[in-house]
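Below is one structure, written out as structure tokens; comments come after it.
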Amino acid sequence: MGHPNVPLIYTYTHPQKKKHKPSRLEPYQPNDNLNNALGAIRVLGLELIEDELKPHLNTVLTNIKERNKGAAEQVVISGILPILALSLRTRGALTVLTTKLVAELAKESVIRKGFGDAGLGTALLSVLTSQDQEVLIYAARAISRMSYDSSKLQELLLRRGVVPRLVAILLRFPNKQALEEVCLQALCNVSGMGVAEESGMTWERGASVRPGECVYHGVSPHTCGFASSGILVCVSQWAPGQHAVKIEVFQRCSSSFWSLHGNKQRASWFRFSSLGSCSNLYKVIKFSLKKVPRTKSLRSRVFHTLL
């Protein structure tokens with residue numbers, strides 16, 4: 001059962017072959033090195049003693065990146081998430097490291113579920129005004145991951161103004177590809193599109209049809225027959241200081257498809273459907289108003305926002 005002074009941590013396991021049997025608890029020994037680091041963060045984090053905190057944050061980061069067994073559960077039990085949120089809000093010397101750690105923690109579903117209650121959602125929004133591009137990349141990545149499969153966190157971020165902040169970054173750094181891609185993916189995920197990092201989505205600039213408009217095409221490398229799916233994000237200015245964001249899902253058909261149908265048209269983009277039960281017409285949210293409409297689905301929307 002392990003050393004008497006070291007508590008056992010239990011996790012639920014779900015055997016694939018025995019689906020009808022109840023889940024059972026399986027103990028494992030916690031990582032002492034990680035436990036010590038988490039304990040130190042709890043103590044030092046309240047005082048924000050930066051020089052002493054740094055090695056402990058790095059220890060947690062290493063354990064999470066290496067996906068060591070039980071590391072995610074130890075982080076949840078430790079209660080350090082509110083301390084990380086406090087560290088982000090202070091915008092001190094550890095902001096880059098803390099944001100990087102939060103982005104890595106957001107990969108773990110068992111951890112990111114507690115981001116909202118710990119205040120990490122709003123803390124990440126506060127650093128989106130930073131001028132440090134590294135901080136912005138990690139913050140946008142964390143937002144993308146935490147909102148990937150959580151309608152609750154999507155709603156929280158939308159109500160707190162995540163869209164105007166992400167759009168502002170796109171407008172401030174128009175030629176920074178890495179930053180641009182992570183912000184676009186974050187926009188898709190907070191809108192409920194569920195774009196996984198594993199999908200390998202690549203982004204490219206599209207042609208704009210009106211002044212003040214930015215168009216981005218997200219293309220998935222995975223194809224199905226003659227077609228591949230894609231996402232179009234359009235940011236357009238409709239009034240001074242006000243922008244609309246439109247996100248739509250498209251399907252791209254290859255030239256082979258058109259040849260089979262007696263059409264010489266080259267590969268092109270078209271909507272999956274128009275109005276109806278599978279509509280890609282996006283709902284409107286006025287972020288400048290106090291009353292934000294409650295919707296059951298965040299799948300498709302046009303964001304009208306003040307920057």
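Each chain in the structure tokens gets a letter, A, B and so on, in the order shown; residues start at 1 in every chain, and ligands are counted from 1 in the order they appear.
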
Give me the residues within 10 Å of Gly39 (chain A) as a PDB file with N, CA, C and O atoms, in the first residue's frame, counting only C-alpha atoms and dropping any in the same chain fewer than 3 places off.
```
ATOM      1  N   LEU A  34       6.788  16.218  -7.367  1.00  0.00           N
ATOM      2  CA  LEU A  34       5.676  17.071  -7.779  1.00  0.00           C
ATOM      3  C   LEU A  34       4.888  17.556  -6.571  1.00  0.00           C
ATOM      4  O   LEU A  34       4.494  18.727  -6.502  1.00  0.00           O
ATOM      5  N   ASN A  35       4.674  16.668  -5.602  1.00  0.00           N
ATOM      6  CA  ASN A  35       3.963  17.069  -4.383  1.00  0.00           C
ATOM      7  C   ASN A  35       4.668  18.204  -3.667  1.00  0.00           C
ATOM      8  O   ASN A  35       4.034  19.149  -3.184  1.00  0.00           O
ATOM      9  N   ASN A  36       5.995  18.119  -3.574  1.00  0.00           N
ATOM     10  CA  ASN A  36       6.764  19.176  -2.912  1.00  0.00           C
ATOM     11  C   ASN A  36       6.636  20.501  -3.659  1.00  0.00           C
ATOM     12  O   ASN A  36       6.506  21.565  -3.053  1.00  0.00           O
ATOM     13  N   ARG A  42       1.705  26.558  -3.205  1.00  0.00           N
ATOM     14  CA  ARG A  42       0.607  26.970  -2.327  1.00  0.00           C
ATOM     15  C   ARG A  42       1.088  27.962  -1.278  1.00  0.00           C
ATOM     16  O   ARG A  42       0.401  28.915  -0.942  1.00  0.00           O
ATOM     17  N   VAL A  43       2.292  27.738  -0.755  1.00  0.00           N
ATOM     18  CA  VAL A  43       2.825  28.600   0.315  1.00  0.00           C
ATOM     19  C   VAL A  43       3.390  29.895  -0.257  1.00  0.00           C
ATOM     20  O   VAL A  43       3.056  30.995   0.185  1.00  0.00           O
ATOM     21  N   LEU A  44       4.258  29.759  -1.266  1.00  0.00           N
ATOM     22  CA  LEU A  44       4.950  30.928  -1.813  1.00  0.00           C
ATOM     23  C   LEU A  44       4.058  31.748  -2.747  1.00  0.00           C
ATOM     24  O   LEU A  44       4.274  32.942  -2.915  1.00  0.00           O
ATOM     25  N   GLY A  45       3.069  31.081  -3.339  1.00  0.00           N
ATOM     26  CA  GLY A  45       2.236  31.772  -4.323  1.00  0.00           C
ATOM     27  C   GLY A  45       1.426  32.898  -3.732  1.00  0.00           C
ATOM     28  O   GLY A  45       1.188  33.919  -4.398  1.00  0.00           O
ATOM     29  N   HIS A  56       9.690  25.686  -8.907  1.00  0.00           N
ATOM     30  CA  HIS A  56       8.545  24.834  -8.597  1.00  0.00           C
ATOM     31  C   HIS A  56       7.536  24.838  -9.747  1.00  0.00           C
ATOM     32  O   HIS A  56       6.937  23.799 -10.065  1.00  0.00           O
ATOM     33  N   SER A  78      -4.211  19.666  -5.307  1.00  0.00           N
ATOM     34  CA  SER A  78      -3.344  20.646  -4.640  1.00  0.00           C
ATOM     35  C   SER A  78      -4.009  21.999  -4.438  1.00  0.00           C
ATOM     36  O   SER A  78      -3.663  22.741  -3.526  1.00  0.00           O
ATOM     37  N   GLY A  79      -4.940  22.359  -5.321  1.00  0.00           N
ATOM     38  CA  GLY A  79      -5.612  23.653  -5.200  1.00  0.00           C
ATOM     39  C   GLY A  79      -4.769  24.837  -5.627  1.00  0.00           C
ATOM     40  O   GLY A  79      -4.981  25.960  -5.144  1.00  0.00           O
ATOM     41  N   ILE A  80      -3.834  24.637  -6.569  1.00  0.00           N
ATOM     42  CA  ILE A  80      -2.960  25.747  -6.976  1.00  0.00           C
ATOM     43  C   ILE A  80      -3.551  26.611  -8.097  1.00  0.00           C
ATOM     44  O   ILE A  80      -2.996  27.657  -8.425  1.00  0.00           O
TER      45      ILE A  80
END
```

Could you give me the residues within region 100-236 of chain A that DSSP places in strand (DSSP E or B), as a PyMOL selection string? chain A and resi 202-206+213-224+227-236

Please report, as a PyMOL selection string, each residue of region 33-215 of chain A to which DSSP assigns alpha helix (DSSP H) when run on this structure's backbone. chain A and resi 33-45+50-65+71-78+81-90+95-105+109-112+115-118+120-126+133-146+151-159+162-172+177-190

Using only C-alpha atoms for the distances, tell me which of A:Arg172, A:Arg145, A:His217, A:Lys100 is nearest to Thr62 (chain A).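 Between A:Arg172, A:Arg145, A:His217, A:Lys100, the residue approaching Thr62 (chain A) most closely is A:Lys100.
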
Rank nothing, just name the residue among A:Gln237, A:Ser147, A:Gln131, A:Asn63 nearest to Phe115 (chain A), using only C-alpha atoms.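 Of A:Gln237, A:Ser147, A:Gln131, A:Asn63, the one nearest Phe115 (chain A) is A:Ser147, counting only C-alpha atoms.
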
Thr59 (chain A): which residues within 9 Å, counting only C-alpha atoms, same-chain residues fewer than 5 positions away excluded, as an MDAnalysis selection string? chainID A and resid 33:34 37:38 54 64

Neighbours of Ser150 (chain A) within 12 Å (only C-alpha atoms; same-chain residues fewer than 2 positions away dropped), as a PyMOL selection string? chain A and resi 106+109-110+112-116+143-148+152-157+189-194+297-299

Extract, using only C-alpha atoms, all DNA, RNA and protein residues at most 8 Å from region 177-186 of chain A, discarding same-chain residues fewer than 4 positions from it, and format them as a list in words.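 Counting only the stated atoms, we get Gln133, Leu136, Ile137, Ala140, Arg141, Ile143, Ser144, Arg145, Ser147, Leu166, Val167, Ile169, Leu170, Phe173, Val190, Val195, Thr202, Trp203 and Val233 of chain A.
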
What's around Pro55 (chain A) at 10 Å? Count only C-alpha atoms, leave out sequence neighbours fewer than 6 positions away in its own chain, and write the answer as number ranges by chain. A: 37, 40-41, 61

Between A:Leu232, A:Ala118, A:Leu57, A:Ala168, which has the minimum distance to Val76 (chain A) (counting only C-alpha atoms)? A:Ala118
